[in-house]
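Enquirer: First the structure, which I've put down as structure tokens, then a few questions once you've had a look.
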Amino acid sequence: MDELVGKLRAFVTENFLFGRKDENLSSDDSLIEKGVIDSTGVLILVAFLEQNLGVSVQDDEIIPENLDSLNRIAAFAARKLGIDRAQETGIETVLDSQAVAIPALPRS
Amino acid sequence: MAKIVNAADFMLSGKQKNRVALTTSDGDYTFGHLQSGASEFAARLRDAGCTRGDRVLLLGANSFHWVAAYLGTLKAELVCVPLPAKLSAEELKYYVDTTAPRAAFVSLSLLARCAELLAGEAITVFCEDPPGRHGWFQFAQAPAGKSPSPLSDEADLYPDLAALMFTSGSTGKPRGVMISHRNIVANAKSILAALRLSAHERMMTVLPFHYCFGASLLHTYLRVGGRLVLDNRFAYPDVVLENMAQQHCTGFAGVPSHYQILLRNSSLRRKRLPCLHTLLQAGGHLAPSFVRELRESLPQARIFIMYGQTEATARLACMPPEMLATRPGSIGKAIPGVRLSILKDSGEEAAPGEIGEIVAEGDNVACGYWRAPDETAATFRNGKLYTGDLATMDKDGFLYVVDRAREFVKCGGTRISCRQIEDRLLECKELLEAAVIAVPDDVLGEAARAFVVPRQEPFDGVAERVRAFCKSSLHHTLIPRDVFVVESLPKNSHGKVLRPQLKSMATNAQGDRCLAMEAVAR
């Protein structure tokens, strides 16, 4: 996760913080509140997630809850990549969850 | 002498205490909250030793505490200095040196960045209480015995002074426009007469209050008893649209880039917004193709295309919505209480259709620039505001702004307006924004260079398609020599494109995010 946050920090620093050497961005800071990002920036960030990190982002996932701090972006990306990995290993996981879901048979 | 109305009283008096005034991410705040908050902040300022005319910095994004601090400062007859939240240490030092404030409201999220600088000056700093509480705590106190440099003689000249609104000009340092209580009240009354707002209004507010357009929303909607829905997340336009739907917003106010983004990079066209009936647009020229798209997307809305500047408190002219189709590109006529003339260099009024400078008169004309006598004398002459904008007036009194003198391309002996080329380029729906500058050309003297921002990635092929579009749709004199595709245009904190920066962009070194990504020469 730290590595992911590091990659994101490097991307944000290079693309949104250039020239601002006095900028102190913590991993929890709101990018909106800090004035780091505008709507174009959000789209550039989403493109980075999709093209460089392989995260597919749906339109309704482009919300501050998922993207408004380095930690949130990392958590979002990790969640998405985790889900994708589970889909690759596929059948095992589906069967496991089905086994848990089967209710006990009623007594006749 | 007539009694000067206090702008805070103008906005707050006579309102029901439990009527909601602000809706924020922290919840609803009533006029009662604003009244007691303003009184409390005013008392804290007085206790901190502030006397009439002292300056109070306001540093933070739009919030209940920002509004209460603004109203409290006005109530205490002190001078508000609203500043952009995104400030470097150097910029903050400039404002502190220029205005010599005695106190400041700084929002919690900015405190870390500003604390060191402000602590070193004789400034008492207030910060907002945590969510759920409506007051302030004092973060820093001015050291005993230390007082700000004696600039109060300037404030004494303007006993009615309410605020210093800094214009982020595209050249040179920002200048503080001196706005009085009288200015605020007069301009608010004029705007209300032009817009015919009711107490049932709920205005989606994405514009920062440190900007005169944003401040004018406060002045008008609070006065009329309406509600402001604050949302600082326009970086996520769909989130704001959803909030508008949920809050049943009746209005939206924006500068051109807000509307460009809404029309070409958001779900606006798919969104149901049955309550939305008022759209306010100011802060620059919105290309006719966007006005058309706006009318098509929101046919139930009255669209007010407006013109003004900080030096006029906010607004000078407004276009009647029902005439948008018949007079495209017009900024309308003077709002009630304002008189606009088009004057030639000789000082004579221009004839209909003749180009001249827009000169304004009215109680909304500001007192001048703070500590800048030369600029004040050049801009504010005999009580009139020389706006610096060139325009024509037609025989019915409707105004059409023409580019400022420097925004033309002199190409082979013909003068072509940059704006005209930009407007035509924006007919290409693939584009979000466009800016055109004049660059030297060996053969023609000057040629047009266009910087275009596509709606979305990938950017591959955009330059070619724009060139093809130009060839098929534009008169040959309007086709730019160069088309540079960029991720964004450099802008100031009011959303205005910084043209001087565009001129140096193409020759910039790497590392600049706005570096031209593709250049296609003719």
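FYI, nothing fancy with the structure tokens labels: chains A, B, ... in order, residues from 1 per chain, ligands from 1 as they appear.
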Distance table requested - chain A against chain B, cut-off 10 Å, only C-alpha atoms: one row per qualifying residue with the closest atom pair and its distance in Å to one decimal, ordered by chain and rising residue number, as a Markdown table.

Expert:
```
| residue | atom | partner | partner_atom | distance |
| --- | --- | --- | --- | --- |
| A:Glu14 | CA | B:Gly511 | CA | 7.7 |
| A:Asn15 | CA | B:Arg513 | CA | 6.0 |
| A:Phe16 | CA | B:Arg513 | CA | 7.8 |
| A:Leu17 | CA | B:Arg513 | CA | 9.7 |
| A:Phe18 | CA | B:Asp512 | CA | 7.3 |
| A:Gly19 | CA | B:Asp512 | CA | 8.7 |
| A:Arg20 | CA | B:Ser88 | CA | 7.9 |
| A:Lys21 | CA | B:Ser88 | CA | 9.5 |
| A:Asp22 | CA | B:Ser88 | CA | 7.3 |
| A:Glu23 | CA | B:Ser88 | CA | 8.2 |
| A:Asn24 | CA | B:Arg113 | CA | 8.2 |
| A:Asp29 | CA | B:Ser109 | CA | 8.6 |
| A:Ser30 | CA | B:Ser109 | CA | 9.0 |
| A:Leu31 | CA | B:Ala235 | CA | 9.7 |
| A:Ile32 | CA | B:Arg233 | CA | 6.7 |
| A:Glu33 | CA | B:Ser109 | CA | 7.3 |
| A:Lys34 | CA | B:Lys86 | CA | 6.8 |
| A:Gly35 | CA | B:Lys86 | CA | 5.7 |
| A:Val36 | CA | B:Lys86 | CA | 8.4 |
| A:Ile37 | CA | B:Ala235 | CA | 6.9 |
| A:Asp38 | CA | B:Ala235 | CA | 4.4 |
| A:Ser39 | CA | B:Ala235 | CA | 3.7 |
| A:Thr40 | CA | B:Ser488 | CA | 7.1 |
| A:Gly41 | CA | B:Ala235 | CA | 7.8 |
| A:Val42 | CA | B:Ala235 | CA | 6.6 |
| A:Leu43 | CA | B:Gln456 | CA | 7.6 |
| A:Ile44 | CA | B:Glu457 | CA | 8.2 |
| A:Ala47 | CA | B:Glu457 | CA | 7.5 |
| A:Asp59 | CA | B:Asp238 | CA | 9.1 |
| A:Asp60 | CA | B:Asp238 | CA | 8.6 |
| A:Ile62 | CA | B:Tyr236 | CA | 7.2 |
| A:Ile63 | CA | B:Tyr236 | CA | 6.4 |
| A:Pro64 | CA | B:Tyr236 | CA | 7.3 |
| A:Leu67 | CA | B:Tyr236 | CA | 10.0 |
| A:Asp68 | CA | B:Arg233 | CA | 9.8 |
```

Enquirer: Taking 5 positions as the minimum chain separation for residues in the same chain, which residues sit within 10 Å of A:Val57 when counting only C-alpha atoms? Answer as a PyMOL selection string.

Expert: chain A and resi 46-47+49-50+62+76-77+80

Enquirer: Calculated over only C-alpha atoms, which of the candidates B:Lys173, B:His219, B:Arg449, B:His200 has the smallest distance to B:Asn6?

Expert: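 Selected residue with least distance to B:Asn6: B:His219.
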
Enquirer: From a DSSP pass on the backbone, collect the residues of stretch 28-86 of chain B flagged as strand (DSSP E) and hand them back as a ChimeraX atom specification.

Expert: /B:28-30,55-59,79-83

Enquirer: To test your reading of the structure, identify every residue in stretch 41-103 of chain B that backbone DSSP assigns to alpha helix (DSSP H), and report it as a ChimeraX atom specification.

Expert: /B:41-47,64-75,89-99

Enquirer: What gap, in Å, lies between atom CA of B:Gly37 and atom CA of B:Glu121?

Expert: 26.1 Å
